[in-house]
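Quick look at run_28.txt (compact mmCIF, C-alpha atoms):
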```txt
# COMPACT_ATOMS: atom_id res chain seq x y z
CA ASN A 1391 -147.93 196.98 -168.29
CA ALA A 1392 -150.08 193.87 -168.69
CA GLY A 1393 -150.71 194.75 -172.35
CA VAL A 1394 -153.89 193.27 -173.82
CA THR A 1395 -155.70 190.79 -171.59
CA GLN A 1396 -158.59 188.51 -172.49
CA THR A 1397 -160.90 186.39 -170.37
CA PRO A 1398 -161.83 183.61 -170.32
CA LYS A 1399 -159.11 181.57 -172.05
CA PHE A 1400 -161.49 178.72 -172.83
CA GLN A 1401 -165.28 178.52 -172.98
CA VAL A 1402 -167.83 175.90 -174.00
CA LEU A 1403 -171.38 177.01 -174.77
CA LYS A 1404 -174.55 175.33 -175.87
CA THR A 1405 -176.39 176.59 -178.93
CA GLY A 1406 -178.56 179.56 -178.02
CA GLN A 1407 -176.62 180.60 -174.92
CA SER A 1408 -175.21 184.08 -174.62
CA MET A 1409 -171.91 185.24 -173.21
CA THR A 1410 -169.44 188.11 -173.15
CA LEU A 1411 -165.77 187.85 -174.03
CA GLN A 1412 -163.76 190.38 -172.08
CA CYS A 1413 -160.86 192.44 -173.43
CA ALA A 1414 -158.87 195.08 -171.60
CA GLN A 1415 -155.70 197.05 -172.34
CA ASP A 1416 -153.62 199.27 -170.07
CA MET A 1417 -151.64 201.13 -172.75
CA ASN A 1418 -154.13 203.98 -173.22
CA HIS A 1419 -154.70 202.88 -176.81
CA GLU A 1420 -157.49 204.53 -178.75
CA TYR A 1421 -158.02 201.77 -181.30
CA MET A 1422 -159.32 198.32 -180.32
CA SER A 1423 -160.62 195.46 -182.41
CA TRP A 1424 -161.90 191.89 -182.33
CA TYR A 1425 -160.84 189.14 -184.74
CA ARG A 1426 -161.78 185.53 -185.09
CA GLN A 1427 -159.33 182.93 -186.36
CA ASP A 1428 -160.47 179.79 -188.12
CA PRO A 1429 -158.27 177.09 -189.69
CA GLY A 1430 -157.17 177.99 -193.21
CA MET A 1431 -158.91 181.37 -193.15
CA GLY A 1432 -156.59 183.66 -191.24
CA LEU A 1433 -157.88 186.31 -188.88
CA ARG A 1434 -161.09 188.10 -189.82
CA LEU A 1435 -162.20 191.39 -188.33
CA ILE A 1436 -165.49 191.29 -186.39
CA HIS A 1437 -165.87 194.78 -184.88
CA TYR A 1438 -163.57 197.66 -184.11
CA SER A 1439 -163.53 200.90 -182.16
CA VAL A 1440 -161.56 204.09 -182.80
CA GLY A 1441 -162.28 205.49 -179.33
CA ALA A 1442 -164.64 205.39 -176.38
CA GLY A 1443 -168.24 205.55 -177.56
CA ILE A 1444 -167.37 204.79 -181.21
CA THR A 1445 -167.70 201.33 -182.75
CA ASP A 1446 -168.13 199.96 -186.25
CA GLN A 1447 -168.54 196.67 -188.06
CA GLY A 1448 -165.76 194.68 -189.63
CA GLU A 1449 -165.87 191.85 -192.14
CA VAL A 1450 -167.92 189.31 -190.12
CA PRO A 1451 -170.11 191.19 -187.59
CA ASN A 1452 -173.29 189.10 -187.67
CA GLY A 1453 -174.15 187.49 -184.32
CA TYR A 1454 -171.84 189.76 -182.33
CA ASN A 1455 -172.32 193.03 -180.46
CA VAL A 1456 -169.76 195.41 -178.99
CA SER A 1457 -169.69 198.57 -176.93
CA ARG A 1458 -166.86 200.85 -175.79
CA SER A 1459 -167.75 202.79 -172.66
CA THR A 1460 -164.14 203.29 -171.54
CA THR A 1461 -160.77 203.52 -173.30
CA GLU A 1462 -159.56 200.39 -171.51
CA ASP A 1463 -162.34 197.87 -172.16
CA PHE A 1464 -163.90 196.45 -175.32
CA PRO A 1465 -166.20 193.48 -174.59
CA LEU A 1466 -167.59 191.24 -177.33
CA ARG A 1467 -171.08 189.83 -176.81
CA LEU A 1468 -172.50 186.72 -178.40
CA LEU A 1469 -176.27 187.11 -178.22
CA SER A 1470 -177.34 183.58 -179.18
CA ALA A 1471 -174.38 181.28 -179.77
CA ALA A 1472 -174.30 179.07 -182.87
CA PRO A 1473 -171.90 176.24 -183.80
CA SER A 1474 -170.56 178.46 -186.61
CA GLN A 1475 -169.16 180.75 -183.92
CA THR A 1476 -166.78 178.05 -182.72
CA SER A 1477 -163.42 179.75 -183.17
CA VAL A 1478 -160.49 181.41 -181.47
CA TYR A 1479 -161.14 185.06 -180.71
CA PHE A 1480 -158.41 187.68 -180.46
CA CYS A 1481 -158.63 191.22 -179.21
CA ALA A 1482 -156.09 193.78 -180.41
CA SER A 1483 -155.25 197.40 -179.68
CA SER A 1484 -153.07 200.14 -181.10
CA TYR A 1485 -152.19 203.72 -180.24
CA SER A 1486 -153.99 205.14 -183.26
CA THR A 1487 -155.44 204.27 -186.65
CA GLY A 1488 -152.62 206.01 -188.47
CA LEU A 1489 -149.88 204.41 -190.53
CA HIS A 1490 -147.50 203.80 -187.62
CA ASN A 1491 -149.95 201.76 -185.63
CA GLU A 1492 -148.46 198.47 -184.52
CA GLN A 1493 -151.33 196.39 -183.20
CA PHE A 1494 -150.84 194.39 -180.01
CA PHE A 1495 -152.82 191.19 -179.66
CA GLY A 1496 -154.18 189.44 -176.59
CA PRO A 1497 -153.65 185.73 -175.89
CA GLY A 1498 -157.02 184.70 -177.29
CA THR A 1499 -160.22 182.98 -176.14
CA ARG A 1500 -160.96 179.53 -177.52
CA LEU A 1501 -164.73 179.15 -177.84
CA THR A 1502 -166.60 175.95 -178.60
CA VAL A 1503 -170.34 176.01 -179.29
CA LEU A 1504 -172.08 172.64 -179.10
CA GLU B 1040 -162.06 193.14 -203.58
CA ASP B 1041 -158.83 193.27 -201.58
CA GLN B 1042 -157.07 189.92 -201.25
CA VAL B 1043 -154.03 188.68 -199.35
CA THR B 1044 -152.58 185.30 -200.31
CA GLN B 1045 -149.70 183.58 -198.54
CA SER B 1046 -147.59 180.72 -199.87
CA PRO B 1047 -146.65 178.07 -199.17
CA GLU B 1048 -149.23 176.96 -196.60
CA ALA B 1049 -146.57 174.98 -194.76
CA LEU B 1050 -142.78 174.81 -194.88
CA ARG B 1051 -140.48 172.29 -193.27
CA LEU B 1052 -136.82 173.29 -193.01
CA GLN B 1053 -133.64 171.79 -191.66
CA GLU B 1054 -131.78 173.98 -189.20
CA GLY B 1055 -129.58 176.34 -191.23
CA GLU B 1056 -131.58 175.88 -194.45
CA SER B 1057 -132.58 179.37 -195.63
CA SER B 1058 -135.91 179.95 -197.37
CA SER B 1059 -138.52 182.58 -198.22
CA LEU B 1060 -142.22 183.03 -197.55
CA ASN B 1061 -144.44 184.90 -199.98
CA CYS B 1062 -147.33 187.27 -199.38
CA SER B 1063 -149.08 188.56 -202.50
CA TYR B 1064 -151.77 191.20 -202.30
CA THR B 1065 -154.29 192.97 -204.46
CA VAL B 1066 -155.37 196.19 -202.76
CA SER B 1067 -156.22 199.60 -204.05
CA GLY B 1068 -153.57 201.87 -202.61
CA LEU B 1069 -151.38 200.00 -200.13
CA ARG B 1070 -151.14 201.90 -196.84
CA GLY B 1071 -148.93 199.39 -195.10
CA LEU B 1072 -148.06 195.69 -194.97
CA PHE B 1073 -147.49 193.96 -191.65
CA TRP B 1074 -145.75 190.72 -190.74
CA TYR B 1075 -146.64 188.87 -187.55
CA ARG B 1076 -145.37 185.72 -185.90
CA GLN B 1077 -147.83 183.43 -184.09
CA ASP B 1078 -146.83 180.61 -181.77
CA PRO B 1079 -149.32 177.81 -181.00
CA GLY B 1080 -151.97 178.87 -178.50
CA LYS B 1081 -150.85 182.51 -178.50
CA GLY B 1082 -151.80 185.77 -180.13
CA PRO B 1083 -149.90 187.21 -183.11
CA GLU B 1084 -146.68 189.06 -182.28
CA PHE B 1085 -145.66 192.05 -184.39
CA LEU B 1086 -142.51 191.71 -186.51
CA PHE B 1087 -142.38 194.38 -189.25
CA THR B 1088 -144.28 197.07 -191.07
CA LEU B 1089 -143.43 197.98 -194.67
CA TYR B 1090 -144.90 201.03 -196.39
CA SER B 1091 -143.46 201.39 -199.88
CA ALA B 1092 -142.03 199.27 -202.68
CA GLY B 1093 -138.32 198.69 -202.25
CA GLU B 1094 -138.42 198.95 -198.48
CA GLU B 1095 -136.60 196.28 -196.44
CA LYS B 1096 -136.47 195.56 -192.71
CA GLU B 1097 -134.44 193.07 -190.72
CA LYS B 1098 -134.66 191.47 -187.30
CA GLU B 1099 -132.19 188.76 -186.34
CA ARG B 1100 -132.59 185.98 -188.94
CA LEU B 1101 -135.66 187.54 -190.56
CA LYS B 1102 -135.71 190.02 -193.43
CA ALA B 1103 -138.89 191.42 -194.98
CA THR B 1104 -139.03 193.03 -198.41
CA LEU B 1105 -141.82 194.71 -200.36
CA THR B 1106 -142.62 195.13 -204.04
CA LYS B 1107 -145.71 196.63 -205.66
CA LYS B 1108 -147.50 193.27 -205.67
CA GLU B 1109 -145.93 191.12 -202.98
CA SER B 1110 -143.82 190.86 -199.90
CA PHE B 1111 -141.25 188.26 -198.95
CA LEU B 1112 -140.13 187.14 -195.54
CA HIS B 1113 -136.66 185.65 -195.82
CA ILE B 1114 -135.47 183.34 -193.05
CA THR B 1115 -131.68 183.02 -193.04
CA ALA B 1116 -130.04 180.04 -191.34
CA PRO B 1117 -133.17 179.26 -189.30
CA LYS B 1118 -133.09 177.71 -185.85
CA PRO B 1119 -135.76 175.51 -184.23
CA GLU B 1120 -136.98 178.52 -182.23
CA ASP B 1121 -138.02 180.14 -185.54
CA SER B 1122 -140.77 177.52 -185.84
CA ALA B 1123 -144.09 179.37 -185.88
CA THR B 1124 -146.88 180.49 -188.17
CA TYR B 1125 -146.03 183.70 -190.01
CA LEU B 1126 -148.91 185.98 -190.93
CA CYS B 1127 -148.98 188.92 -193.26
CA ALA B 1128 -151.67 191.59 -193.31
CA VAL B 1129 -152.44 194.72 -195.31
CA LEU B 1130 -153.64 197.89 -193.68
CA GLN B 1131 -157.00 199.18 -194.81
CA GLY B 1132 -158.79 202.30 -193.66
CA TRP B 1133 -159.26 203.14 -189.98
CA GLY B 1134 -156.58 200.73 -188.79
CA LYS B 1135 -158.30 197.63 -190.10
CA LEU B 1136 -156.00 194.75 -191.02
CA GLN B 1137 -156.80 192.13 -193.66
CA PHE B 1138 -154.81 188.97 -193.00
CA GLY B 1139 -153.58 186.15 -195.17
CA ALA B 1140 -154.09 182.56 -193.99
CA GLY B 1141 -150.48 182.23 -192.85
CA THR B 1142 -147.47 180.00 -193.49
CA GLN B 1143 -146.66 177.37 -190.88
CA VAL B 1144 -142.89 176.96 -190.58
CA VAL B 1145 -141.27 174.00 -188.83
CA VAL B 1146 -137.49 174.00 -188.37
CA THR B 1147 -135.96 170.67 -187.37
CA PRO B 1148 -132.52 170.26 -185.72
```

Give the structure from this file in C-alpha cells form.
Amino acid sequence: NAGVTQTPKFQVLKTGQSMTLQCAQDMNHEYMSWYRQDPGMGLRLIHYSVGAGITDQGEVPNGYNVSRSTTEDFPLRLLSAAPSQTSVYFCASSYSTGLHNEQFFGPGTRLTVL
Amino acid sequence: EDQVTQSPEALRLQEGESSSLNCSYTVSGLRGLFWYRQDPGKGPEFLFTLYSAGEEKEKERLKATLTKKESFLHITAPKPEDSATYLCAVLQGWGKLQFGAGTQVVVTP
C-alpha cells in the first residue's frame, strides 16, 4: 500500500491564481480530511468527508472547496489564492469516524502564495 | 470552546535525560486523545490513543498517560532519534481532531 499520497510537494502561486491540491489513499478508508499547519498554531481542519459524496466544513474552510466523487480521492481547491493561504497542507484518512480511528497523514504540500 | 494546550513549546535534552511533555485540554466529553510524532518535512505519525482517565500506553521509550484534564508523554532515556515535534490532539465529533501547537524535542548526544 502507498498509504496517503499528496501532489505536488511544493507549489508557488501568485495572488489570485487557482489550483488543486491532490490527495489519494489506497486503504479503502471512508474518512478523509484536509489540515493546514502554520508555525505556532498546530494543525487546523479545513474540510472533511465521511464518505464519497459527503463533505463538510472544518475550522478554517474559507477560500477552499472540496469534493469527494470516489472513496480514494479528496482534492482541495483554492479558488483565488491569497498570501494568507501560504502554509503546509496535509491530507489524512482513517477507516471510520469511530473511536478507534487512527488517522494516517500524507507527506504534505508546501504552498507559497506571493 | 474546546482548547488544547501543549507545554513546553521546545525542549532540549541530553541523551539519557528523561523528561515529560504536557498536553492540557478543555473539552466537553473527551472521546479520545491522540499523540503524534512529526519529523521535519513530513506528515504526523500516529503514536497512541488514550480514551479514559487512568489509561497508560507505552512504545519503546515513550509512555503516554491520561487524567481528566491533561495527558503526559514521558520520554525515558531518550536517544537522538527521538528528536521530533510531538503533537497531541483531542477527538471531536465525526472524526475531527483538534490539535495543540506541539512540543519540539531535540536530543543531543

Handout entry: Among the residues B:Lys1096, B:Lys1102, B:Lys1108, B:Arg1076, the one that comes closest to chain A [using all atoms listed in the file]
Key =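 Checking each of B:Lys1096, B:Lys1102, B:Lys1108, B:Arg1076 against chain A, counting all atoms listed in the file, the winner is B:Arg1076.
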
Please report as a PDB file with C-alpha atoms, in the coordinates of the input which residues of chain A come no farther than 9 Å from chain B, using only C-alpha atoms.
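What ended up in out30.pdb:
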```
ATOM      1  CA  TYR A1421    -158.020 201.770-181.300  1.00  0.00           C
ATOM      2  CA  SER A1423    -160.620 195.460-182.410  1.00  0.00           C
ATOM      3  CA  PRO A1429    -158.270 177.090-189.690  1.00  0.00           C
ATOM      4  CA  GLY A1430    -157.170 177.990-193.210  1.00  0.00           C
ATOM      5  CA  MET A1431    -158.910 181.370-193.150  1.00  0.00           C
ATOM      6  CA  GLY A1432    -156.590 183.660-191.240  1.00  0.00           C
ATOM      7  CA  LEU A1433    -157.880 186.310-188.880  1.00  0.00           C
ATOM      8  CA  ARG A1434    -161.090 188.100-189.820  1.00  0.00           C
ATOM      9  CA  LEU A1435    -162.200 191.390-188.330  1.00  0.00           C
ATOM     10  CA  TYR A1438    -163.570 197.660-184.110  1.00  0.00           C
ATOM     11  CA  VAL A1440    -161.560 204.090-182.800  1.00  0.00           C
ATOM     12  CA  GLY A1448    -165.760 194.680-189.630  1.00  0.00           C
ATOM     13  CA  PHE A1480    -158.410 187.680-180.460  1.00  0.00           C
ATOM     14  CA  CYS A1481    -158.630 191.220-179.210  1.00  0.00           C
ATOM     15  CA  SER A1484    -153.070 200.140-181.100  1.00  0.00           C
ATOM     16  CA  SER A1486    -153.990 205.140-183.260  1.00  0.00           C
ATOM     17  CA  THR A1487    -155.440 204.270-186.650  1.00  0.00           C
ATOM     18  CA  GLY A1488    -152.620 206.010-188.470  1.00  0.00           C
ATOM     19  CA  LEU A1489    -149.880 204.410-190.530  1.00  0.00           C
ATOM     20  CA  HIS A1490    -147.500 203.800-187.620  1.00  0.00           C
ATOM     21  CA  ASN A1491    -149.950 201.760-185.630  1.00  0.00           C
ATOM     22  CA  GLU A1492    -148.460 198.470-184.520  1.00  0.00           C
ATOM     23  CA  GLN A1493    -151.330 196.390-183.200  1.00  0.00           C
ATOM     24  CA  PHE A1494    -150.840 194.390-180.010  1.00  0.00           C
ATOM     25  CA  PHE A1495    -152.820 191.190-179.660  1.00  0.00           C
ATOM     26  CA  GLY A1496    -154.180 189.440-176.590  1.00  0.00           C
ATOM     27  CA  PRO A1497    -153.650 185.730-175.890  1.00  0.00           C
ATOM     28  CA  GLY A1498    -157.020 184.700-177.290  1.00  0.00           C
TER      29      GLY A1498
END
```

With 3 Å of padding per side, what axis-aligned box (centre and edge lengths, Å, one decimal) covers all the listed atoms of region 1121-1135 of chain B? Give it as JSON.
```
{"center_x": -148.6, "center_y": 190.3, "center_z": -190.4, "size_x": 27.2, "size_y": 31.6, "size_z": 15.8}
```

Practice task
Identify the residues around (-157.8, 197.7, -173.2) within a radius of 10 Å, measuring from all atoms listed in the file in the coordinates stated by the file, and give them as a list of chain:residue names.
Solution key: A:Ala1392, A:Gly1393, A:Val1394, A:Thr1395, A:Gln1396, A:Gln1412, A:Cys1413, A:Ala1414, A:Gln1415, A:Asp1416, A:Met1417, A:Asn1418, A:His1419, A:Glu1420, A:Tyr1421, A:Met1422, A:Ser1423, A:Arg1458, A:Thr1460, A:Thr1461, A:Glu1462, A:Asp1463, A:Phe1464, A:Pro1465, A:Cys1481, A:Ala1482, A:Ser1483, A:Ser1484, A:Gly1496

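Here CA of Leu1403 (chain A) and CA of Tyr1454 (chain A) stand 14.8 Å from one another.
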
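The space between CA of Ser1058 (chain B) and CA of Leu1101 (chain B) spans 10.2 Å.
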
Problem - Residues near Ser1459 (chain A), cut-off 7 Å, all atoms listed in the file, skip fewer than 2 positions along chain, as a list in words - result: Ala1442, Gly1443 and Ser1457 of chain A

Exercise for the section: Find the residue from B:Asp1041, B:Glu1099, B:Asp1121, B:Glu1094 that sits nearest to Ser1063 (chain B); use only C-alpha atoms when measuring. Expected result: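 Looking only at the distances to Ser1063 (chain B), the closest residue turns out to be B:Asp1041.
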
Problem - Among the residues A:Tyr1425, A:Pro1451, A:Ser1477, A:Tyr1485, the one that comes closest to Gln1401 (chain A) [using all atoms listed in the file] - result: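 Between A:Tyr1425, A:Pro1451, A:Ser1477, A:Tyr1485, the residue approaching Gln1401 (chain A) most closely is A:Ser1477.
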
Problem - Distance of CA of Leu1466 (chain A) from CA of Leu1069 (chain B), expressed in Å to one decimal place - result: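 Pair CA of Leu1069 (chain B) / CA of Leu1466 (chain A) returns 29.3 Å.
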